[in-house]
file protein_34.cif (mmCIF, C-alpha atoms)
data_run
#
loop_
_atom_site.label_atom_id
_atom_site.label_comp_id
_atom_site.auth_asym_id
_atom_site.auth_seq_id
_atom_site.Cartn_x
_atom_site.Cartn_y
_atom_site.Cartn_z
CA MET A 24 128.79 96.53 125.38
CA SER A 25 128.26 94.92 121.98
CA LEU A 26 130.52 96.05 119.15
CA THR A 27 128.14 94.72 116.50
CA PHE A 28 124.49 95.38 115.72
CA ASP A 29 122.01 94.21 118.32
CA LYS A 30 118.46 95.50 117.95
CA ASP A 31 117.88 95.18 121.69
CA TYR A 32 120.64 97.74 122.20
CA ILE A 33 118.81 100.32 120.07
CA THR A 34 116.60 102.26 122.49
CA ALA A 35 115.52 105.88 122.78
CA GLN A 36 118.30 106.36 125.31
CA THR A 37 121.07 104.94 123.12
CA LEU A 38 119.78 106.89 120.12
CA ASP A 39 119.90 110.06 122.25
CA ALA A 40 123.54 109.27 122.98
CA PHE A 41 124.29 108.70 119.29
CA ARG A 42 122.94 112.19 118.55
CA LEU A 43 125.94 113.59 120.41
CA GLN A 44 128.48 111.48 118.47
CA THR A 45 129.83 112.35 115.01
CA ASP A 46 132.87 111.18 113.00
CA PRO A 47 136.08 111.90 114.96
CA LEU A 48 138.48 110.98 112.16
CA ALA A 49 136.95 113.33 109.56
CA ASP A 50 136.28 116.03 112.16
CA ASP A 51 139.92 115.91 113.28
CA THR A 52 141.09 116.29 109.68
CA VAL A 53 139.00 119.42 109.15
CA ARG A 54 140.07 120.76 112.54
CA LYS A 55 143.74 120.33 111.56
CA ILE A 56 143.09 122.26 108.36
CA ILE A 57 141.39 125.09 110.28
CA ASP A 58 143.94 125.16 113.12
CA SER A 59 146.77 125.34 110.57
CA GLY A 60 145.33 128.59 109.24
CA PHE A 61 143.82 127.19 106.04
CA GLU A 62 140.13 127.90 106.70
CA SER A 63 140.01 130.25 103.70
CA GLN A 64 141.11 127.38 101.45
CA ILE A 65 138.27 125.01 102.38
CA ASN A 66 136.33 125.88 99.23
CA GLN A 67 139.45 125.33 97.09
CA ILE A 68 139.98 121.94 98.73
CA PHE A 69 136.48 120.81 97.93
CA MET A 70 136.70 122.06 94.36
CA VAL A 71 139.67 119.70 94.00
CA LEU A 72 137.63 116.90 95.58
CA VAL A 73 134.58 117.50 93.39
CA GLN A 74 136.61 117.60 90.19
CA ASN A 75 138.50 114.36 90.89
CA ASP A 76 136.96 110.89 90.95
CA SER A 77 140.21 109.26 91.97
CA PHE A 78 143.02 109.92 94.43
CA ASP A 79 146.80 109.70 94.17
CA GLN A 80 149.78 111.45 95.73
CA ASP A 81 149.51 114.34 93.24
CA THR A 82 145.80 115.08 93.74
CA PHE A 83 146.51 117.91 96.17
CA SER A 84 149.88 118.98 94.76
CA GLY A 85 148.52 122.43 93.92
CA LEU A 86 147.88 123.19 97.60
CA ASP A 87 150.27 124.18 100.38
CA ALA A 88 152.59 121.26 101.23
CA SER A 89 151.46 120.90 104.86
CA LEU A 90 147.80 121.08 103.80
CA ALA A 91 148.36 118.44 101.12
CA LEU A 92 150.07 116.22 103.71
CA THR A 93 147.05 116.43 106.06
CA LEU A 94 144.68 115.51 103.22
CA ASN A 95 146.92 112.73 101.91
CA ASP A 96 147.14 111.21 105.40
CA TYR A 97 143.34 111.22 105.66
CA PHE A 98 142.83 109.56 102.27
CA ARG A 99 145.46 106.91 102.91
CA SER A 100 144.09 106.06 106.36
CA THR A 101 140.52 105.60 105.10
CA ASN A 102 141.29 103.75 101.86
CA HIS A 103 140.54 100.18 102.93
CA LEU A 104 137.57 97.88 103.29
CA PRO A 105 136.78 96.24 106.64
CA GLU A 106 138.20 92.77 107.24
CA TRP A 107 134.71 91.30 107.16
CA ALA A 108 133.86 92.68 103.70
CA ASN A 109 132.73 89.87 101.37
CA MET A 110 133.69 90.58 97.77
CA ASP A 111 131.30 87.95 96.39
CA GLN A 112 128.40 89.72 98.10
CA ILE A 113 129.62 93.11 96.92
CA LEU A 114 129.70 91.82 93.33
CA GLU A 115 126.18 90.44 93.70
CA GLY A 116 124.99 93.77 95.13
CA GLU A 117 126.48 95.49 92.09
CA ARG A 118 124.56 93.10 89.83
CA VAL A 119 121.29 94.02 91.57
CA PHE A 120 122.04 97.67 90.87
CA GLY A 121 122.97 96.86 87.30
CA GLU A 122 119.60 95.21 86.73
CA PHE A 123 117.34 97.61 88.64
CA GLY A 124 119.28 100.89 88.55
CA PRO A 125 116.48 103.02 87.02
CA GLU A 126 114.04 101.82 89.69
CA ILE A 127 116.61 102.51 92.41
CA PHE A 128 117.25 106.04 91.13
CA MET A 129 113.53 106.74 91.19
CA LEU A 130 113.22 105.38 94.73
CA LEU A 131 116.11 107.56 95.90
CA ASN A 132 114.05 110.63 95.04
CA VAL A 133 110.55 109.50 96.00
CA SER A 134 111.37 107.25 98.96
CA SER A 135 114.91 107.62 100.39
CA LEU A 136 115.18 111.42 100.49
CA PRO A 137 111.57 111.94 101.68
CA MET A 138 112.22 109.43 104.46
CA CYS A 139 115.19 111.53 105.59
CA TYR A 140 113.07 114.70 105.46
CA THR A 141 110.54 113.21 107.91
CA CYS A 142 113.18 113.38 110.66
CA ALA A 143 112.77 116.98 111.77
CA LYS A 144 116.13 117.50 113.47
CA GLY A 145 118.15 116.00 110.63
CA ALA A 146 116.10 117.98 108.11
CA GLN A 147 117.03 121.16 110.00
CA VAL A 148 120.69 120.54 109.17
CA LEU A 149 119.88 120.25 105.47
CA PHE A 150 117.64 123.29 105.66
CA GLU A 151 120.24 125.48 107.36
CA THR A 152 123.03 124.61 104.99
CA GLY A 153 120.78 125.92 102.23
CA ARG A 154 122.03 123.22 99.90
CA LEU A 155 118.61 121.75 99.16
CA LEU A 156 116.46 124.85 98.87
CA THR A 157 115.70 126.83 95.76
CA HIS A 158 116.27 130.54 95.76
CA ASN A 159 114.49 132.92 93.39
CA GLN A 160 113.28 129.96 91.33
CA ASP A 161 116.87 128.77 90.90
CA VAL A 162 116.94 124.99 91.20
CA ASP A 163 120.73 124.69 91.23
CA PRO A 164 121.24 124.38 95.03
CA LEU A 165 118.73 121.52 95.17
CA ALA A 166 119.99 120.03 91.93
CA ARG A 167 123.53 119.93 93.25
CA ARG A 168 122.50 118.03 96.37
CA LEU A 169 120.35 115.55 94.46
CA MET A 170 123.23 114.95 92.06
CA GLU A 171 125.65 114.36 94.95
CA THR A 172 123.31 111.75 96.42
CA ALA A 173 122.58 110.01 93.13
CA GLN A 174 126.21 110.12 92.05
CA MET A 175 127.39 108.62 95.34
CA VAL A 176 124.97 105.70 94.94
CA ALA A 177 126.01 105.20 91.31
CA ASN A 178 129.71 105.32 92.19
CA VAL A 179 129.35 102.93 95.12
CA LEU A 180 127.29 100.31 93.30
CA SER A 181 128.86 100.48 89.84
CA PRO A 182 131.35 97.71 88.96
CA GLY A 183 134.53 98.13 91.00
CA GLY A 184 133.15 101.05 92.99
CA LEU A 185 134.22 99.68 96.36
CA LEU A 186 137.64 98.47 95.31
CA PRO A 187 140.65 100.41 96.67
CA ASP A 188 140.72 103.78 94.83
CA GLY A 189 137.38 102.90 93.18
CA ARG A 190 134.99 105.75 92.41
CA GLY A 191 132.66 104.73 95.20
CA LEU A 192 135.31 104.50 97.90
CA VAL A 193 136.82 107.87 96.96
CA THR A 194 133.36 109.43 96.88
CA ILE A 195 132.68 108.20 100.42
CA GLN A 196 135.98 109.65 101.60
CA LYS A 197 135.01 113.01 100.11
CA VAL A 198 131.52 112.94 101.63
CA ARG A 199 132.99 112.37 105.10
CA LEU A 200 135.11 115.50 104.74
CA ILE A 201 132.15 117.50 103.43
CA HIS A 202 130.08 116.40 106.42
CA ALA A 203 132.87 117.39 108.80
CA SER A 204 133.18 120.83 107.22
CA ILE A 205 129.41 121.35 107.48
CA ARG A 206 129.57 120.47 111.17
CA TYR A 207 132.37 122.94 111.72
CA PHE A 208 130.70 125.86 109.98
CA LEU A 209 127.22 125.19 111.37
CA LYS A 210 128.60 125.31 114.91
CA LYS A 211 130.39 128.61 114.35
CA GLU A 212 128.45 131.62 115.60
CA ARG A 213 126.82 133.32 112.63
CA HIS A 214 125.03 136.65 113.07
CA GLY A 215 124.38 135.81 116.71
CA HIS A 216 123.00 132.37 115.86
CA VAL A 217 124.56 129.32 117.53
CA TRP A 218 123.69 125.73 116.66
CA ASP A 219 121.51 124.29 119.44
CA VAL A 220 123.27 121.00 120.25
CA LYS A 221 121.10 120.37 123.32
CA THR A 222 117.90 120.40 121.23
CA LEU A 223 119.08 119.20 117.82
CA GLY A 224 122.11 117.10 118.64
CA GLU A 225 125.40 117.45 116.80
CA PRO A 226 125.02 118.27 113.10
CA ILE A 227 125.13 115.10 110.97
CA ASN A 228 125.44 112.88 114.02
CA GLN A 229 125.60 109.10 114.23
CA GLU A 230 121.83 108.61 114.45
CA ASP A 231 121.25 110.83 111.40
CA LEU A 232 124.01 109.04 109.49
CA ALA A 233 122.51 105.65 110.34
CA GLY A 234 119.03 106.81 109.31
CA THR A 235 120.39 108.02 105.98
CA LEU A 236 122.23 104.73 105.46
CA MET A 237 118.97 102.84 106.08
CA SER A 238 117.28 105.01 103.45
CA PHE A 239 119.74 103.58 100.90
CA GLY A 240 119.46 99.97 102.10
CA PRO A 241 116.20 98.60 103.55
CA VAL A 242 114.14 101.58 102.35
CA ILE A 243 115.19 100.92 98.73
CA LEU A 244 114.59 97.18 99.14
CA THR A 245 111.12 97.85 100.56
CA GLY A 246 110.38 100.10 97.59
CA LEU A 247 111.52 97.42 95.15
CA LYS A 248 109.14 94.98 96.84
CA ARG A 249 106.29 97.45 96.30
CA LEU A 250 107.33 97.65 92.64
CA LYS A 251 107.00 93.84 92.55
CA VAL A 252 110.69 93.33 91.91
CA GLU A 253 111.47 89.81 93.10
CA LEU A 254 114.94 89.49 94.58
CA SER A 255 116.38 86.27 95.98
CA ASP A 256 117.37 86.02 99.64
CA SER A 257 120.99 86.05 98.50
CA GLU A 258 120.50 89.25 96.46
CA ILE A 259 118.78 91.00 99.37
CA LYS A 260 121.54 89.96 101.77
CA SER A 261 124.22 91.08 99.33
CA TYR A 262 122.59 94.47 98.71
CA MET A 263 122.42 95.03 102.47
CA HIS A 264 126.06 93.94 102.79
CA CYS A 265 127.13 96.61 100.29
CA TRP A 266 125.53 99.29 102.42
CA LYS A 267 126.99 97.87 105.64
CA VAL A 268 130.41 98.23 104.02
CA VAL A 269 129.52 101.79 102.99
CA GLY A 270 128.42 102.53 106.56
CA TYR A 271 131.78 101.35 107.88
CA LEU A 272 133.61 103.52 105.32
CA MET A 273 131.42 106.48 106.29
CA GLY A 274 132.58 106.20 109.90
CA ILE A 275 129.27 104.95 111.29
CA ASP A 276 129.45 103.09 114.60
CA ALA A 277 129.39 99.28 114.19
CA LYS A 278 126.44 99.10 116.59
CA LEU A 279 124.39 100.93 113.95
CA LEU A 280 125.31 98.63 111.05
CA PRO A 281 122.73 95.84 110.64
CA ASP A 282 123.47 92.68 108.65
CA SER A 283 120.03 91.71 107.37
CA TYR A 284 117.09 93.44 105.70
CA GLU A 285 114.93 92.66 108.73
CA GLU A 286 117.45 94.23 111.11
CA GLY A 287 117.76 97.26 108.84
CA PHE A 288 113.99 97.70 108.60
CA ASP A 289 113.81 97.51 112.39
CA LEU A 290 116.59 100.09 112.86
CA ALA A 291 114.96 102.47 110.37
CA THR A 292 111.65 102.08 112.20
CA ARG A 293 113.20 102.80 115.61
CA ILE A 294 114.94 105.91 114.29
CA LEU A 295 111.66 107.12 112.76
CA LYS A 296 109.84 106.55 116.06
CA HIS A 297 112.56 108.58 117.73
CA GLN A 298 112.83 111.43 115.21
CA ALA A 299 109.95 111.66 112.72
CA GLN A 300 107.61 114.61 113.17
CA GLU A 301 106.14 117.47 111.17
CA SER A 302 108.57 120.30 110.51
CA GLU A 303 108.79 123.35 108.29
CA ALA A 304 112.26 122.27 107.23
CA GLY A 305 111.12 118.80 106.16
CA GLN A 306 108.15 120.16 104.25
CA ALA A 307 110.24 122.85 102.54
CA LEU A 308 112.83 120.29 101.47
CA THR A 309 110.13 117.97 100.14
CA SER A 310 108.47 120.77 98.22
CA SER A 311 111.81 121.71 96.66
CA CYS A 312 112.47 118.09 95.70
CA ILE A 313 109.08 117.83 93.99
CA ARG A 314 109.65 121.07 92.09
CA PHE A 315 113.02 119.84 90.87
CA ILE A 316 111.63 116.49 89.72
CA ASN A 317 108.91 118.29 87.80
CA HIS A 318 111.54 120.62 86.36
CA ILE A 319 113.60 117.78 84.86
CA ILE A 320 110.53 115.85 83.61
CA PRO A 321 109.01 118.16 81.01
CA VAL A 322 105.76 116.18 80.80
CA ASN A 323 102.92 117.81 82.73
CA THR A 324 101.18 114.45 82.91
CA PHE A 325 103.44 113.54 85.83
CA ASP A 326 103.19 116.75 87.89
CA GLU A 327 101.21 115.11 90.69
CA VAL A 328 103.11 111.85 90.54
CA PRO A 329 106.14 112.69 92.77
CA ALA A 330 104.04 113.56 95.84
CA TYR A 331 101.75 110.58 95.21
CA LEU A 332 104.71 108.20 94.97
CA MET A 333 106.28 109.65 98.12
CA SER A 334 103.07 109.01 100.05
CA TYR A 335 102.81 105.51 98.58
CA PHE A 336 106.38 104.42 99.33
CA LEU A 337 106.30 105.78 102.89
CA LYS A 338 103.35 103.58 103.87
CA ASP A 339 105.28 100.54 105.09
CA PHE A 340 107.38 102.61 107.46
CA SER A 341 104.39 104.69 108.55
CA GLU A 342 102.63 101.50 109.61
CA ALA A 343 105.73 100.10 111.32
CA SER A 344 106.57 103.31 113.21
CA GLY A 345 103.04 104.45 113.97
CA VAL A 346 103.86 107.89 112.52
CA ASN A 347 102.08 109.38 109.50
CA LEU A 348 105.30 110.06 107.59
CA ALA A 349 103.56 111.52 104.54
CA LYS A 350 101.88 114.10 106.77
CA CYS A 351 105.23 114.97 108.35
CA ILE A 352 106.48 116.27 105.00
CA GLY A 353 103.17 117.53 103.60
CA VAL A 354 102.41 114.85 100.98
CA ASP A 355 99.62 112.97 102.75
CA ASP A 356 97.39 111.50 100.07
CA GLN A 357 94.22 113.34 99.11
CA PRO A 358 91.14 111.22 98.23
CA ASP A 359 90.95 112.37 94.61
CA THR A 360 94.68 112.43 93.81
CA LYS A 361 94.73 108.92 92.37
CA ASP A 362 91.67 109.65 90.17
CA ARG A 363 93.34 112.75 88.73
CA ILE A 364 96.56 110.86 88.00
CA VAL A 365 94.64 108.00 86.36
CA LEU A 366 92.81 110.47 84.13
CA SER A 367 96.03 112.24 83.24
CA MET A 368 97.78 108.96 82.49
CA ALA A 369 94.86 107.82 80.35
CA LYS A 370 95.31 110.89 78.19
CA PHE A 371 99.05 110.26 78.06
CA LEU A 372 98.59 106.61 77.04
CA VAL A 373 96.06 107.19 74.29
CA GLY A 374 94.46 103.96 73.14
CA HIS A 375 94.52 102.29 76.52
CA ILE A 376 91.60 104.08 78.16
CA SER A 377 89.48 100.93 78.22
CA GLU A 378 92.06 99.30 80.51
CA ILE A 379 91.82 101.92 83.29
CA ALA A 380 89.58 99.83 85.51
CA HIS A 381 92.17 97.05 85.58
CA TRP A 382 95.22 99.22 86.25
CA ASP A 383 97.65 98.73 89.08
CA LEU A 384 98.48 102.43 89.06
CA ILE A 385 101.97 102.15 90.53
CA GLN A 386 102.95 99.45 88.03
CA LYS A 387 101.57 101.60 85.22
CA ILE A 388 103.27 104.89 86.10
CA ALA A 389 106.59 103.68 87.55
CA PRO A 390 108.34 102.49 84.34
CA PRO A 391 107.84 105.65 82.25
CA PHE A 392 108.32 107.88 85.29
CA ASN A 393 111.62 106.37 86.45
CA ARG A 394 113.00 106.44 82.91
CA LEU A 395 111.99 110.08 82.36
CA MET A 396 113.52 110.99 85.71
CA LEU A 397 116.83 109.29 85.00
CA GLU A 398 117.02 110.80 81.51
CA GLY A 399 116.15 114.20 82.97
CA ILE A 400 118.87 113.93 85.62
CA ILE A 401 121.49 113.04 83.01
CA ARG A 402 120.47 115.84 80.64
CA PHE A 403 120.23 118.42 83.42
CA TYR A 404 123.67 117.74 84.88
CA ASN A 405 125.46 117.11 81.61
CA GLY A 406 124.07 120.17 79.83
CA GLY A 407 127.25 122.20 79.70
CA LYS A 408 127.90 122.11 83.45
CA LYS A 409 131.41 121.79 84.93
CA VAL A 410 130.55 118.68 86.95
CA HIS A 411 128.86 115.92 84.98
CA PHE A 412 126.69 113.09 86.23
CA PHE A 413 128.60 109.92 85.41
CA ILE A 414 127.11 106.52 84.68
CA PRO A 415 129.51 103.84 83.38
CA PRO A 416 128.98 103.04 79.68
CA SER A 417 128.16 99.41 80.50
CA LEU A 418 125.27 100.48 82.76
CA LYS A 419 124.02 103.08 80.26
CA LYS A 420 123.87 100.28 77.71
CA ASP A 421 122.04 97.96 80.12
CA TRP A 422 119.54 100.70 80.94
CA LYS A 423 119.19 101.73 77.25
CA LEU A 424 120.45 105.26 77.92
CA GLU A 425 123.18 105.42 75.28
CA ASP A 426 121.66 108.50 73.66
CA CYS A 427 121.50 110.57 76.88
#

call {"tool": "encode", "arguments": {"input": "protein_34.cif", "output": "structure tokens"}}
result
Amino acid sequence: MSLTFDKDYITAQTLDAFRLQTDPLADDTVRKIIDSGFESQINQIFMVLVQNDSFDQDTFSGLDASLALTLNDYFRSTNHLPEWANMDQILEGERVFGEFGPEIFMLLNVSSLPMCYTCAKGAQVLFETGRLLTHNQDVDPLARRLMETAQMVANVLSPGGLLPDGRGLVTIQKVRLIHASIRYFLKKERHGHVWDVKTLGEPINQEDLAGTLMSFGPVILTGLKRLKVELSDSEIKSYMHCWKVVGYLMGIDAKLLPDSYEEGFDLATRILKHQAQESEAGQALTSSCIRFINHIIPVNTFDEVPAYLMSYFLKDFSEASGVNLAKCIGVDDQPDTKDRIVLSMAKFLVGHISEIAHWDLIQKIAPPFNRLMLEGIIRFYNGGKKVHFFIPPSLKKDWKLEDC
């Protein structure tokens, strides 16, 4: 059996098997915590994790000594890059993020996350944790999850993020523990409800992890192509390499870690063929995501833009997989949507109405939309909240966000 990626190995049968595999190292760490009688301190542990962007021997000094030892052992054992990691490629991947960060942040919300929501079984995990849904018009549960995703990407791809003890590496270590805790609590009987492993697979299993990883790698690169961002072969390879390293650090099986964009696109397509279908969970998550985006962009001109962009950026993978992904999550394009957006944008860009007939709509709406979104994210999370959204000063300068 191959220990590296081989697209011929990825079949419906092997993907079924990966749905029953998780992350033994992180799962064992959480199990040790529970078995040692510290289940009640899980929330305290993760408050420590959330409030610290670095790790040292004193990070968990406020906890019970045996609990701190278990956590310290986990962080020390996962604090290293794979032997095959190429630092030159990692640095080049960081430069791609430094140049196109605003576009990447937009694509995370209108391409990467929607792609994940199309996979009904994986979406059910997100739905049941309740971390992405709004309650009583409160956007905080969704906002928290979107921040976690965006912050992880920023930490990983910012300068030095994947160095030992870098923000990105520590963030990945924390995410693995969070995933393991979610698995543990979802599989506990709650009010007579038991997680259906036979139907859904293990929560946050290897296939779901690989699909999510592809949403950060080839899905983003495909979106950049649609935005007419021209990357060199070397830049594309380096960006993919960054996410292969992240996949290794996340505990994803090597057989699910492609090297090239083409391999990644193929893996994403095979997972979509295997998992994508209409679901109430996926549609609810998508609806919540759209509401949150509209909440942080206080310009009504763009209200219909998120769903339109989701439909637009899903097209390549819809064609490749043979599944109408936009329909899966309830954003399939209506015939008059584009006309309404064009009219709204014409009013927004007063003085340019005569140019409407010559517009490439995506090229027209993407720059102001991605900037408003990024500014909105920063203002929302940094508006007096305990946990702030952090972007390194150098990147804020490059992206002209110094005033946010």

call {"tool": "resolve_selection", "arguments": {"input": "protein_34.cif", "expression": "the PyMOL selection byres ((chain A and resi 178) around 12)", "output": "ChimeraX atom specification"}}
result
/A:76-77,117,120-121,124,170-177,179-186,188-195,269,412-415,418

call {"tool": "write_last_selection", "arguments": {"input": "protein_34.cif", "atoms": "C-alpha atoms", "output": "mmCIF file, in the coordinates of the input"}}
result
data_model
loop_
_atom_site.group_PDB
_atom_site.id
_atom_site.type_symbol
_atom_site.label_atom_id
_atom_site.label_comp_id
_atom_site.auth_asym_id
_atom_site.auth_seq_id
_atom_site.Cartn_x
_atom_site.Cartn_y
_atom_site.Cartn_z
ATOM 1 C CA ASP A 76 136.960 110.890 90.950
ATOM 2 C CA SER A 77 140.210 109.260 91.970
ATOM 3 C CA GLU A 117 126.480 95.490 92.090
ATOM 4 C CA PHE A 120 122.040 97.670 90.870
ATOM 5 C CA GLY A 121 122.970 96.860 87.300
ATOM 6 C CA GLY A 124 119.280 100.890 88.550
ATOM 7 C CA MET A 170 123.230 114.950 92.060
ATOM 8 C CA GLU A 171 125.650 114.360 94.950
ATOM 9 C CA THR A 172 123.310 111.750 96.420
ATOM 10 C CA ALA A 173 122.580 110.010 93.130
ATOM 11 C CA GLN A 174 126.210 110.120 92.050
ATOM 12 C CA MET A 175 127.390 108.620 95.340
ATOM 13 C CA VAL A 176 124.970 105.700 94.940
ATOM 14 C CA ALA A 177 126.010 105.200 91.310
ATOM 15 C CA VAL A 179 129.350 102.930 95.120
ATOM 16 C CA LEU A 180 127.290 100.310 93.300
ATOM 17 C CA SER A 181 128.860 100.480 89.840
ATOM 18 C CA PRO A 182 131.350 97.710 88.960
ATOM 19 C CA GLY A 183 134.530 98.130 91.000
ATOM 20 C CA GLY A 184 133.150 101.050 92.990
ATOM 21 C CA LEU A 185 134.220 99.680 96.360
ATOM 22 C CA LEU A 186 137.640 98.470 95.310
ATOM 23 C CA ASP A 188 140.720 103.780 94.830
ATOM 24 C CA GLY A 189 137.380 102.900 93.180
ATOM 25 C CA ARG A 190 134.990 105.750 92.410
ATOM 26 C CA GLY A 191 132.660 104.730 95.200
ATOM 27 C CA LEU A 192 135.310 104.500 97.900
ATOM 28 C CA VAL A 193 136.820 107.870 96.960
ATOM 29 C CA THR A 194 133.360 109.430 96.880
ATOM 30 C CA ILE A 195 132.680 108.200 100.420
ATOM 31 C CA VAL A 269 129.520 101.790 102.990
ATOM 32 C CA PHE A 412 126.690 113.090 86.230
ATOM 33 C CA PHE A 413 128.600 109.920 85.410
ATOM 34 C CA ILE A 414 127.110 106.520 84.680
ATOM 35 C CA PRO A 415 129.510 103.840 83.380
ATOM 36 C CA LEU A 418 125.270 100.480 82.760
#

call {"tool": "closest_residue", "arguments": {"input": "protein_34.cif", "among": "A:Lys278, A:Lys197, A:Ile113, A:His318", "to": "A:Gln74", "atoms": "all atoms listed in the file"}}
result
A:Lys197

call {"tool": "axis_aligned_box", "arguments": {"input": "protein_34.cif", "around": "stretch 264-280 of chain A", "padding_each_side": "6 Å", "output": "AutoDock Vina command-line options"}}
result
--center_x 129.0 --center_y 100.2 --center_z 108.4 --size_x 21.2 --size_y 24.5 --size_z 28.3

call {"tool": "residues_near_point", "arguments": {"input": "protein_34.cif", "point": "(118.0, 110.0, 86.7)", "cutoff": "12 Å", "atoms": "only C-alpha atoms", "output": "MDAnalysis selection string"}}
result
chainID A and resid 124:133 166 169:170 172:174 176:177 315:316 319:320 391:405 412:414 419 422 424 427

call {"tool": "resolve_selection", "arguments": {"input": "protein_34.cif", "expression": "the PyMOL selection byres ((chain A and resi 47) around 12)", "output": "PyMOL selection string"}}
result
chain A and resi 43-46+48-55+97+199-200+202-203+206+228-229+273-276

call {"tool": "atom_distance", "arguments": {"input": "protein_34.cif", "atom1": "atom CA of A:His297", "atom2": "atom CA of A:Met237"}}
result
14.5 Å

call {"tool": "atom_distance", "arguments": {"input": "protein_34.cif", "atom1": "atom CA of A:Glu286", "atom2": "atom CA of A:Arg42"}}
result
20.2 Å

call {"tool": "atom_distance", "arguments": {"input": "protein_34.cif", "atom1": "atom CA of A:Glu106", "atom2": "atom CA of A:Val198"}}
result
22.0 Å

call {"tool": "resolve_selection", "arguments": {"input": "protein_34.cif", "expression": "the PyMOL selection byres ((chain A and resi 63-68) around 10)", "output": "list in words"}}
result
Val53, Ile56, Ile57, Gly60, Phe61, Glu62, Phe69, Met70, Val71, Leu72, Val73, Phe83, Gly85, Leu86, Asp87, Leu90, Ala91, Leu94, Ile201 and Ser204 of chain A

call {"tool": "closest_residue", "arguments": {"input": "protein_34.cif", "among": "A:Tyr140, A:Tyr262, A:Phe239, A:Phe288", "to": "A:Leu348", "atoms": "all atoms listed in the file"}}
result
A:Tyr140

call {"tool": "closest_residue", "arguments": {"input": "protein_34.cif", "among": "A:Leu232, A:Leu337, A:Ala304, A:Val354", "to": "A:Thr245", "atoms": "only C-alpha atoms"}}
result
A:Leu337

call {"tool": "closest_residue", "arguments": {"input": "protein_34.cif", "among": "A:Leu250, A:Val322, A:Ala35, A:Ile259", "to": "A:Ala389", "atoms": "only C-alpha atoms"}}
result
A:Leu250

call {"tool": "closest_residue", "arguments": {"input": "protein_34.cif", "among": "A:Leu223, A:Ala88, A:Val268, A:Leu236", "to": "A:Met110", "atoms": "all atoms listed in the file"}}
result
A:Val268

call {"tool": "residues_around", "arguments": {"input": "protein_34.cif", "residues": "stretch 292-294 of chain A", "least_positions_apart": "5", "cutoff": "10 Å", "atoms": "all atoms listed in the file", "output": "PyMOL selection string"}}
result
chain A and resi 30+33-35+38+142+230-231+233-234+237+286-287+299+339-346

call {"tool": "closest_residue", "arguments": {"input": "protein_34.cif", "among": "A:Pro226, A:Pro137, A:Thr235, A:Lys387", "to": "A:Ala307", "atoms": "all atoms listed in the file"}}
result
A:Pro137

call {"tool": "residues_around", "arguments": {"input": "protein_34.cif", "residues": "A:Thr222", "least_positions_apart": "3", "cutoff": "12 Å", "atoms": "all atoms listed in the file", "output": "number ranges by chain"}}
result
A: 39, 42-43, 143-145, 147, 217-219, 225-226, 298

call {"tool": "residues_around", "arguments": {"input": "protein_34.cif", "residues": "A:Ala330", "least_positions_apart": "2", "cutoff": "8 Å", "atoms": "all atoms listed in the file", "output": "PyMOL selection string"}}
result
chain A and resi 133+313+327-328+332-334+354

call {"tool": "build_atoms", "arguments": {"input": "protein_34.cif", "residues": "stretch 67-77 of chain A", "atoms": "N, CA and C atoms", "output": "PDB file, in the frame of the given file"}}
result
ATOM      1  N   GLN A  67     138.505 125.802  98.108  1.00  0.00           N
ATOM      2  CA  GLN A  67     139.450 125.330  97.090  1.00  0.00           C
ATOM      3  C   GLN A  67     139.684 123.826  97.229  1.00  0.00           C
ATOM      4  N   ILE A  68     139.773 123.374  98.483  1.00  0.00           N
ATOM      5  CA  ILE A  68     139.980 121.940  98.730  1.00  0.00           C
ATOM      6  C   ILE A  68     138.833 121.141  98.142  1.00  0.00           C
ATOM      7  N   PHE A  69     137.612 121.602  98.389  1.00  0.00           N
ATOM      8  CA  PHE A  69     136.480 120.810  97.930  1.00  0.00           C
ATOM      9  C   PHE A  69     136.252 120.939  96.432  1.00  0.00           C
ATOM     10  N   MET A  70     136.736 122.009  95.820  1.00  0.00           N
ATOM     11  CA  MET A  70     136.700 122.060  94.360  1.00  0.00           C
ATOM     12  C   MET A  70     137.621 120.976  93.789  1.00  0.00           C
ATOM     13  N   VAL A  71     138.768 120.776  94.420  1.00  0.00           N
ATOM     14  CA  VAL A  71     139.670 119.700  94.000  1.00  0.00           C
ATOM     15  C   VAL A  71     138.990 118.349  94.173  1.00  0.00           C
ATOM     16  N   LEU A  72     138.299 118.174  95.319  1.00  0.00           N
ATOM     17  CA  LEU A  72     137.630 116.900  95.580  1.00  0.00           C
ATOM     18  C   LEU A  72     136.526 116.646  94.565  1.00  0.00           C
ATOM     19  N   VAL A  73     135.715 117.662  94.299  1.00  0.00           N
ATOM     20  CA  VAL A  73     134.580 117.500  93.390  1.00  0.00           C
ATOM     21  C   VAL A  73     135.033 117.175  91.979  1.00  0.00           C
ATOM     22  N   GLN A  74     136.162 117.749  91.577  1.00  0.00           N
ATOM     23  CA  GLN A  74     136.610 117.600  90.190  1.00  0.00           C
ATOM     24  C   GLN A  74     137.473 116.364  89.968  1.00  0.00           C
ATOM     25  N   ASN A  75     137.681 115.564  91.023  1.00  0.00           N
ATOM     26  CA  ASN A  75     138.500 114.360  90.890  1.00  0.00           C
ATOM     27  C   ASN A  75     137.739 113.146  91.392  1.00  0.00           C
ATOM     28  N   ASP A  76     137.633 112.122  90.556  1.00  0.00           N
ATOM     29  CA  ASP A  76     136.960 110.890  90.950  1.00  0.00           C
ATOM     30  C   ASP A  76     137.939 109.844  91.453  1.00  0.00           C
ATOM     31  N   SER A  77     139.211 110.196  91.489  1.00  0.00           N
ATOM     32  CA  SER A  77     140.210 109.260  91.970  1.00  0.00           C
ATOM     33  C   SER A  77     141.164 110.021  92.900  1.00  0.00           C
TER      34      SER A  77
END
